file entry33.cif (mmCIF, C-alpha atoms)
data_model
#
loop_
_atom_site.label_atom_id
_atom_site.label_comp_id
_atom_site.auth_asym_id
_atom_site.auth_seq_id
_atom_site.Cartn_x
_atom_site.Cartn_y
_atom_site.Cartn_z
CA MET A 1 74.22 102.49 134.76
CA GLU A 2 74.18 99.64 132.24
CA PRO A 3 74.35 100.49 128.54
CA PRO A 4 71.18 99.77 126.49
CA PHE A 5 72.93 96.79 124.83
CA PRO A 6 75.75 94.34 125.70
CA ALA A 7 79.15 95.88 126.43
CA VAL A 8 81.49 96.13 123.45
CA PRO A 9 85.19 96.05 124.45
CA GLY A 10 86.18 98.50 121.73
CA LEU A 11 89.77 99.38 122.44
CA LEU A 12 90.54 95.88 123.73
CA CYS A 13 89.55 94.56 120.34
CA LEU A 14 91.77 97.16 118.69
CA LEU A 15 94.69 96.16 120.92
CA ALA A 16 94.23 92.53 119.96
CA ALA A 17 94.08 93.52 116.31
CA ALA A 18 97.23 95.62 116.51
CA ALA A 19 99.06 92.85 118.35
CA ALA A 20 98.12 90.40 115.60
CA SER A 21 99.39 92.83 112.97
CA SER A 22 102.69 93.58 114.70
CA SER A 23 103.40 89.89 115.19
CA GLY A 24 102.81 89.17 111.51
CA ALA A 25 99.62 87.22 112.30
CA ALA A 26 97.27 89.41 110.27
CA GLU A 27 94.86 87.14 108.42
CA CYS A 28 94.57 87.43 104.64
CA PRO A 29 92.06 85.59 102.43
CA SER A 30 94.73 83.04 101.41
CA SER A 31 98.50 82.56 101.27
CA ALA A 32 98.49 84.17 97.82
CA TRP A 33 97.75 87.51 99.46
CA ILE A 34 100.55 89.59 101.02
CA PRO A 35 99.82 91.50 104.27
CA PHE A 36 100.92 95.06 104.98
CA GLY A 37 99.53 97.15 107.82
CA SER A 38 95.81 96.47 108.08
CA SER A 39 95.39 95.35 104.45
CA CYS A 40 96.16 92.41 102.17
CA TYR A 41 97.30 92.57 98.54
CA ILE A 42 97.30 90.25 95.54
CA PHE A 43 98.56 90.81 91.99
CA LEU A 44 96.47 88.94 89.43
CA GLN A 45 98.73 88.36 86.45
CA GLY A 46 97.97 87.50 82.86
CA SER A 47 96.16 89.21 80.03
CA LEU A 48 92.92 90.89 80.96
CA ASN A 49 91.98 91.75 77.40
CA GLU A 50 88.64 89.99 77.82
CA LEU A 51 87.67 92.67 80.33
CA ASP A 52 85.90 95.59 78.68
CA SER A 53 86.02 98.27 81.40
CA ILE A 54 87.43 99.30 84.74
CA ASP A 55 84.22 98.00 86.30
CA ASP A 56 85.11 94.53 84.97
CA VAL A 57 88.54 94.82 86.60
CA ARG A 58 86.92 95.81 89.91
CA ASP A 59 84.60 92.82 89.66
CA LEU A 60 87.66 90.60 89.16
CA CYS A 61 89.12 91.87 92.44
CA LYS A 62 85.81 91.55 94.27
CA GLY A 63 85.47 87.99 93.05
CA ASN A 64 88.76 87.03 94.72
CA ALA A 65 87.93 88.18 98.26
CA SER A 66 85.14 89.82 100.24
CA GLY A 67 85.59 93.57 100.29
CA ALA A 68 88.41 93.57 97.71
CA ASP A 69 88.80 96.31 95.10
CA ILE A 70 91.44 97.76 92.79
CA ILE A 71 94.35 99.17 94.76
CA SER A 72 94.00 102.44 96.65
CA ILE A 73 97.05 103.99 98.33
CA LYS A 74 96.77 105.86 101.63
CA ASN A 75 100.32 107.12 102.19
CA LYS A 76 103.97 107.10 101.10
CA GLU A 77 104.73 103.97 103.12
CA GLU A 78 102.07 101.96 101.33
CA ASN A 79 103.24 103.30 97.96
CA THR A 80 106.81 102.21 98.75
CA PHE A 81 105.61 98.79 99.93
CA ILE A 82 103.85 98.22 96.59
CA GLN A 83 106.89 99.39 94.63
CA GLU A 84 109.25 97.13 96.61
CA THR A 85 106.91 94.13 96.41
CA PHE A 86 106.76 94.41 92.63
CA LYS A 87 110.57 94.47 92.59
CA ASN A 88 111.08 91.55 94.97
CA HIS A 89 108.01 89.36 94.59
CA TRP A 90 105.43 90.07 91.91
CA GLN A 91 107.86 91.17 89.18
CA GLY A 92 104.94 92.35 87.11
CA PRO A 93 104.55 94.89 84.30
CA ASP A 94 105.99 98.41 84.21
CA TYR A 95 102.56 99.97 84.85
CA ILE A 96 99.53 98.89 86.86
CA LEU A 97 96.08 100.41 87.07
CA LEU A 98 95.26 102.42 90.18
CA GLY A 99 91.72 102.32 91.57
CA MET A 100 91.01 106.00 91.04
CA PHE A 101 89.06 108.21 88.66
CA PHE A 102 88.59 111.92 88.06
CA ASP A 103 85.22 113.12 89.34
CA THR A 104 84.20 116.01 87.09
CA ASP A 105 81.41 117.04 89.46
CA ASP A 106 83.83 117.68 92.33
CA ASN A 107 86.83 118.45 90.08
CA ALA A 108 89.00 115.98 92.01
CA PHE A 109 90.47 112.50 91.83
CA LYS A 110 88.76 109.90 94.00
CA TRP A 111 89.37 106.27 94.96
CA PHE A 112 86.80 103.74 93.78
CA ASP A 113 86.77 102.13 97.24
CA LYS A 114 85.64 105.51 98.67
CA SER A 115 88.71 105.88 100.92
CA GLU A 116 89.91 109.43 101.47
CA MET A 117 92.47 110.82 99.03
CA LYS A 118 95.24 111.93 101.41
CA PHE A 119 98.30 111.07 99.33
CA THR A 120 99.33 111.43 95.68
CA ASN A 121 102.58 110.72 93.84
CA TRP A 122 102.17 112.16 90.35
CA ILE A 123 105.21 111.94 88.09
CA GLU A 124 104.16 115.11 86.33
CA GLU A 125 101.46 117.75 86.56
CA GLU A 126 100.04 119.41 83.46
CA SER A 127 97.77 122.33 84.26
CA ASN A 128 96.10 122.40 80.82
CA GLU A 129 95.43 118.69 80.44
CA GLU A 130 91.92 117.41 79.74
CA LEU A 131 90.76 115.34 82.70
CA LEU A 132 87.42 114.08 81.41
CA ASN A 133 87.32 110.25 81.56
CA THR A 134 90.71 110.14 83.28
CA CYS A 135 92.06 107.26 85.37
CA ALA A 136 95.58 106.65 86.70
CA SER A 137 98.41 104.14 86.62
CA MET A 138 101.48 103.53 88.78
CA HIS A 139 104.99 102.99 87.41
CA THR A 140 106.04 99.92 89.38
CA LYS A 141 109.77 100.68 89.18
CA SER A 142 109.67 104.30 90.38
CA GLY A 143 106.38 104.31 92.30
CA GLY A 144 105.26 107.40 90.39
CA TRP A 145 101.71 107.90 89.14
CA ARG A 146 100.54 108.95 85.67
CA LYS A 147 97.18 110.12 84.43
CA ILE A 148 95.78 107.93 81.65
CA SER A 149 92.58 107.63 79.68
CA CYS A 150 90.06 105.26 81.20
CA GLU A 151 89.73 103.83 77.67
CA ASP A 152 93.45 102.92 77.49
CA LEU A 153 94.12 100.84 80.59
CA PRO A 154 97.27 98.78 81.37
CA LEU A 155 95.57 95.39 81.65
CA THR A 156 98.46 92.92 81.81
CA GLY A 157 97.58 92.35 85.46
CA THR A 158 95.72 94.05 88.28
CA LEU A 159 96.60 94.74 91.90
CA CYS A 160 93.77 94.12 94.36
CA LYS A 161 93.50 95.12 98.01
CA THR A 162 91.24 94.13 100.88
CA ALA A 163 91.16 94.69 104.63
CA SER A 164 92.81 91.96 106.68
CA ALA A 165 90.45 89.70 108.62
CA TYR A 166 91.12 91.31 111.99
CA GLU A 167 90.17 94.76 110.74
CA LYS A 168 86.92 93.41 109.30
CA MET A 169 86.17 91.55 112.52
CA TYR A 170 87.08 94.18 115.08
CA LEU A 171 86.56 97.67 113.70
CA PRO A 172 82.84 97.30 112.91
CA GLY A 173 82.28 95.77 116.36
CA VAL A 174 83.70 98.80 118.15
CA CYS A 175 80.70 100.90 117.20
CA THR A 176 77.37 99.47 118.26
CA GLY A 177 74.50 101.90 118.04
CA ASN A 178 75.98 105.29 118.88
CA LEU A 179 78.28 104.28 121.75
CA ILE A 180 81.97 103.51 121.96
CA GLN A 181 83.64 101.97 124.99
CA ARG A 182 87.17 102.77 126.17
CA SER A 183 89.22 99.95 127.67
CA SER A 184 90.55 102.21 130.44
CA SER A 185 87.12 102.65 131.99
CA SER A 186 83.53 101.52 131.81
CA GLN A 187 82.47 104.88 130.40
CA TYR A 188 80.62 105.05 127.11
CA THR A 189 80.83 108.09 124.84
CA GLU A 190 77.88 108.94 122.64
CA MET A 191 78.73 109.88 119.05
CA SER A 192 77.47 109.31 115.53
CA HIS A 193 78.29 106.00 113.84
CA VAL A 194 80.59 107.68 111.31
CA THR A 195 82.46 109.60 114.03
CA CYS A 196 82.71 106.40 116.05
CA ILE A 197 84.30 104.47 113.17
CA GLN A 198 86.71 107.34 112.50
CA SER A 199 87.68 107.43 116.17
CA ALA A 200 88.28 103.68 116.23
CA GLN A 201 90.40 103.81 113.09
CA SER A 202 92.44 106.68 114.55
CA GLU A 203 93.09 104.71 117.73
CA LEU A 204 94.10 101.64 115.72
CA GLN A 205 96.54 103.73 113.66
CA THR A 206 98.07 105.14 116.86
CA ILE A 207 98.53 101.63 118.27
CA GLN A 208 100.08 100.35 115.04
CA THR A 209 102.47 103.32 114.92
CA HIS A 210 103.51 102.63 118.52
CA GLU A 211 104.05 98.93 117.80
CA THR A 212 106.06 99.66 114.65
CA GLY A 213 108.32 102.09 116.53
CA LYS A 214 109.31 99.55 119.17
#

call {"tool": "encode", "arguments": {"input": "entry33.cif", "output": "structure tokens"}}
result
Amino acid sequence: MEPPFPAVPGLLCLLAAAAASSSGAAECPSSAWIPFGSSCYIFLQGSLNELDSIDDVRDLCKGNASGADIISIKNKEENTFIQETFKNHWQGPDYILLGMFFDTDDNAFKWFDKSEMKFTNWIEEESNEELLNTCASMHTKSGGWRKISCEDLPLTGTLCKTASAYEKMYLPGVCTGNLIQRSSSSQYTEMSHVTCIQSAQSELQTIQTHETGK
């Protein structure tokens, strides 16, 4: 039985994407961006005193590449990559702004780019601290995070992040309507769009882990 729309070679696209990543061929917006995993990074140096708020800093990132935002950090490996890249390449300030804020409604820190908060690396935890209007910074030499006031931001430079071109091109294409196709068969599995995207991202992560371990 034919699907109600053209076939989408989901996992084949993911395999091509992972192969591009593992071979160092991941596409970034320009040579100024540095690739790592499925993302690209750029440190915009210089005084940002003319920027009045964290929203202005986010707009600066967004103006440099489609889908870019202030840095969010998914895991320890990404945190270490950023720390090492500041040491060996960017050689920027001691502290940079992280793209997170404290949501008083949910009583939790969240990333501005809406990615899930699965990893933290706080230098210190103070149980009685006031978290209203709280943002965060990263110590570039140790990789540790500190809570700071959103009114007192380290604006001597900002680290921006965006998805590499292959992730933008392939991941959305895996999920068309409510179907996802597996490369091992012509079978289509019905699922919600959100579940479909999560499944595709999980498969991509598995492929990347396999390629990295070779």

call {"tool": "resolve_selection", "arguments": {"input": "entry33.cif", "expression": "the PyMOL selection byres ((chain A and resi 138) around 12)", "output": "PyMOL selection string"}}
result
chain A and resi 71-73+79-80+82-83+86+92-100+120-123+135-137+139-148+153-154+158-159

call {"tool": "closest_residue", "arguments": {"input": "entry33.cif", "among": "A:Lys118, A:Lys110, A:Lys62, A:His89", "to": "Lys74 of chain A", "atoms": "all atoms listed in the file"}}
result
A:Lys118

call {"tool": "atom_distance", "arguments": {"input": "entry33.cif", "atom1": "atom CA of Asp69 of chain A", "atom2": "atom CA of Tyr41 of chain A"}}
result
9.9 Å

call {"tool": "axis_aligned_box", "arguments": {"input": "entry33.cif", "around": "segment 135-144 of chain A", "padding_each_side": "3 Å", "output": "AutoDock Vina command-line options"}}
result
--center_x 100.9 --center_y 103.7 --center_z 88.8 --size_x 23.7 --size_y 13.5 --size_z 12.9

call {"tool": "closest_residue", "arguments": {"input": "entry33.cif", "among": "A:Asn88, A:Asp103, A:Phe43, A:Trp111", "to": "Thr156 of chain A", "atoms": "all atoms listed in the file"}}
result
A:Phe43

call {"tool": "residues_around", "arguments": {"input": "entry33.cif", "residues": "Leu131 of chain A", "least_positions_apart": "4", "cutoff": "12 Å", "atoms": "all atoms listed in the file", "output": "ChimeraX atom specification"}}
result
/A:101-105,107-109,125-127,135-136,147-150

call {"tool": "atom_distance", "arguments": {"input": "entry33.cif", "atom1": "atom CA of Ser164 of chain A", "atom2": "atom CA of Ala32 of chain A"}}
result
13.1 Å

call {"tool": "closest_residue", "arguments": {"input": "entry33.cif", "among": "A:Leu51, A:Asn64, A:Met117, A:Glu78", "to": "Gly37 of chain A", "atoms": "only C-alpha atoms"}}
result
A:Glu78

call {"tool": "closest_residue", "arguments": {"input": "entry33.cif", "among": "A:Thr85, A:Gln91, A:Ser38, A:Glu77", "to": "Lys161 of chain A", "atoms": "only C-alpha atoms"}}
result
A:Ser38

call {"tool": "atom_distance", "arguments": {"input": "entry33.cif", "atom1": "atom CA of Ser30 of chain A", "atom2": "atom CA of Ala165 of chain A"}}
result
10.7 Å

call {"tool": "closest_residue", "arguments": {"input": "entry33.cif", "among": "A:Ile70, A:Glu84, A:Gly157, A:Glu27", "to": "Lys114 of chain A", "atoms": "all atoms listed in the file"}}
result
A:Ile70

call {"tool": "build_atoms", "arguments": {"input": "entry33.cif", "residues": "segment 110-139 of chain A", "atoms": "N, CA and C atoms", "output": "compact mmCIF listing (two decimals), keeping the file's coordinate frame"}}
result
# COMPACT_ATOMS: atom_id res chain seq x y z
N LYS A 110 89.32 110.64 92.88
CA LYS A 110 88.76 109.90 94.00
C LYS A 110 89.10 108.42 93.84
N TRP A 111 89.16 107.71 94.98
CA TRP A 111 89.37 106.27 94.96
C TRP A 111 88.03 105.56 94.77
N PHE A 112 88.03 104.50 93.99
CA PHE A 112 86.80 103.74 93.78
C PHE A 112 86.29 103.13 95.08
N ASP A 113 87.21 102.76 96.00
CA ASP A 113 86.77 102.13 97.24
C ASP A 113 86.28 103.14 98.27
N LYS A 114 86.19 104.41 97.86
CA LYS A 114 85.64 105.51 98.67
C LYS A 114 86.54 105.91 99.84
N SER A 115 87.78 105.41 99.89
CA SER A 115 88.71 105.88 100.92
C SER A 115 89.14 107.30 100.60
N GLU A 116 89.57 108.02 101.63
CA GLU A 116 89.91 109.43 101.47
C GLU A 116 91.23 109.59 100.72
N MET A 117 91.27 110.55 99.80
CA MET A 117 92.47 110.82 99.03
C MET A 117 93.39 111.75 99.83
N LYS A 118 94.33 111.15 100.57
CA LYS A 118 95.24 111.93 101.41
C LYS A 118 96.65 112.00 100.85
N PHE A 119 96.94 111.18 99.85
CA PHE A 119 98.30 111.07 99.33
C PHE A 119 98.26 110.92 97.81
N THR A 120 99.16 111.62 97.12
CA THR A 120 99.33 111.43 95.68
C THR A 120 100.83 111.38 95.37
N ASN A 121 101.17 110.83 94.22
CA ASN A 121 102.58 110.72 93.84
C ASN A 121 102.73 110.86 92.32
N TRP A 122 102.16 111.95 91.79
CA TRP A 122 102.17 112.16 90.35
C TRP A 122 103.58 112.38 89.84
N ILE A 123 103.91 111.75 88.73
CA ILE A 123 105.21 111.94 88.09
C ILE A 123 105.28 113.33 87.49
N GLU A 124 104.19 113.79 86.95
CA GLU A 124 104.16 115.11 86.33
C GLU A 124 102.78 115.71 86.46
N GLU A 125 102.72 117.03 86.48
CA GLU A 125 101.46 117.75 86.56
C GLU A 125 101.35 118.67 85.36
N GLU A 126 100.27 118.53 84.61
CA GLU A 126 100.04 119.41 83.46
C GLU A 126 98.76 120.19 83.70
N SER A 127 98.91 121.50 83.86
CA SER A 127 97.77 122.33 84.26
C SER A 127 96.69 122.42 83.18
N ASN A 128 97.07 122.23 81.91
CA ASN A 128 96.10 122.40 80.82
C ASN A 128 95.56 121.08 80.27
N GLU A 129 95.87 119.98 80.96
CA GLU A 129 95.43 118.69 80.44
C GLU A 129 93.92 118.49 80.61
N GLU A 130 93.34 117.74 79.69
CA GLU A 130 91.92 117.41 79.74
C GLU A 130 91.72 116.21 80.66
N LEU A 131 90.89 116.37 81.69
CA LEU A 131 90.76 115.34 82.70
C LEU A 131 89.47 114.54 82.59
N LEU A 132 88.65 114.84 81.60
CA LEU A 132 87.42 114.08 81.41
C LEU A 132 87.77 112.62 81.08
N ASN A 133 87.09 111.68 81.76
CA ASN A 133 87.32 110.25 81.56
C ASN A 133 88.78 109.87 81.83
N THR A 134 89.31 110.38 82.94
CA THR A 134 90.71 110.14 83.28
C THR A 134 90.83 109.17 84.45
N CYS A 135 91.71 108.18 84.29
CA CYS A 135 92.06 107.26 85.37
C CYS A 135 93.55 107.45 85.67
N ALA A 136 94.17 106.49 86.34
CA ALA A 136 95.58 106.65 86.70
C ALA A 136 96.28 105.31 86.75
N SER A 137 97.58 105.34 86.52
CA SER A 137 98.41 104.14 86.62
C SER A 137 99.63 104.45 87.48
N MET A 138 100.26 103.40 87.98
CA MET A 138 101.48 103.53 88.78
C MET A 138 102.63 102.86 88.05
N HIS A 139 103.77 103.57 87.97
CA HIS A 139 104.99 102.99 87.41
C HIS A 139 105.62 102.14 88.51
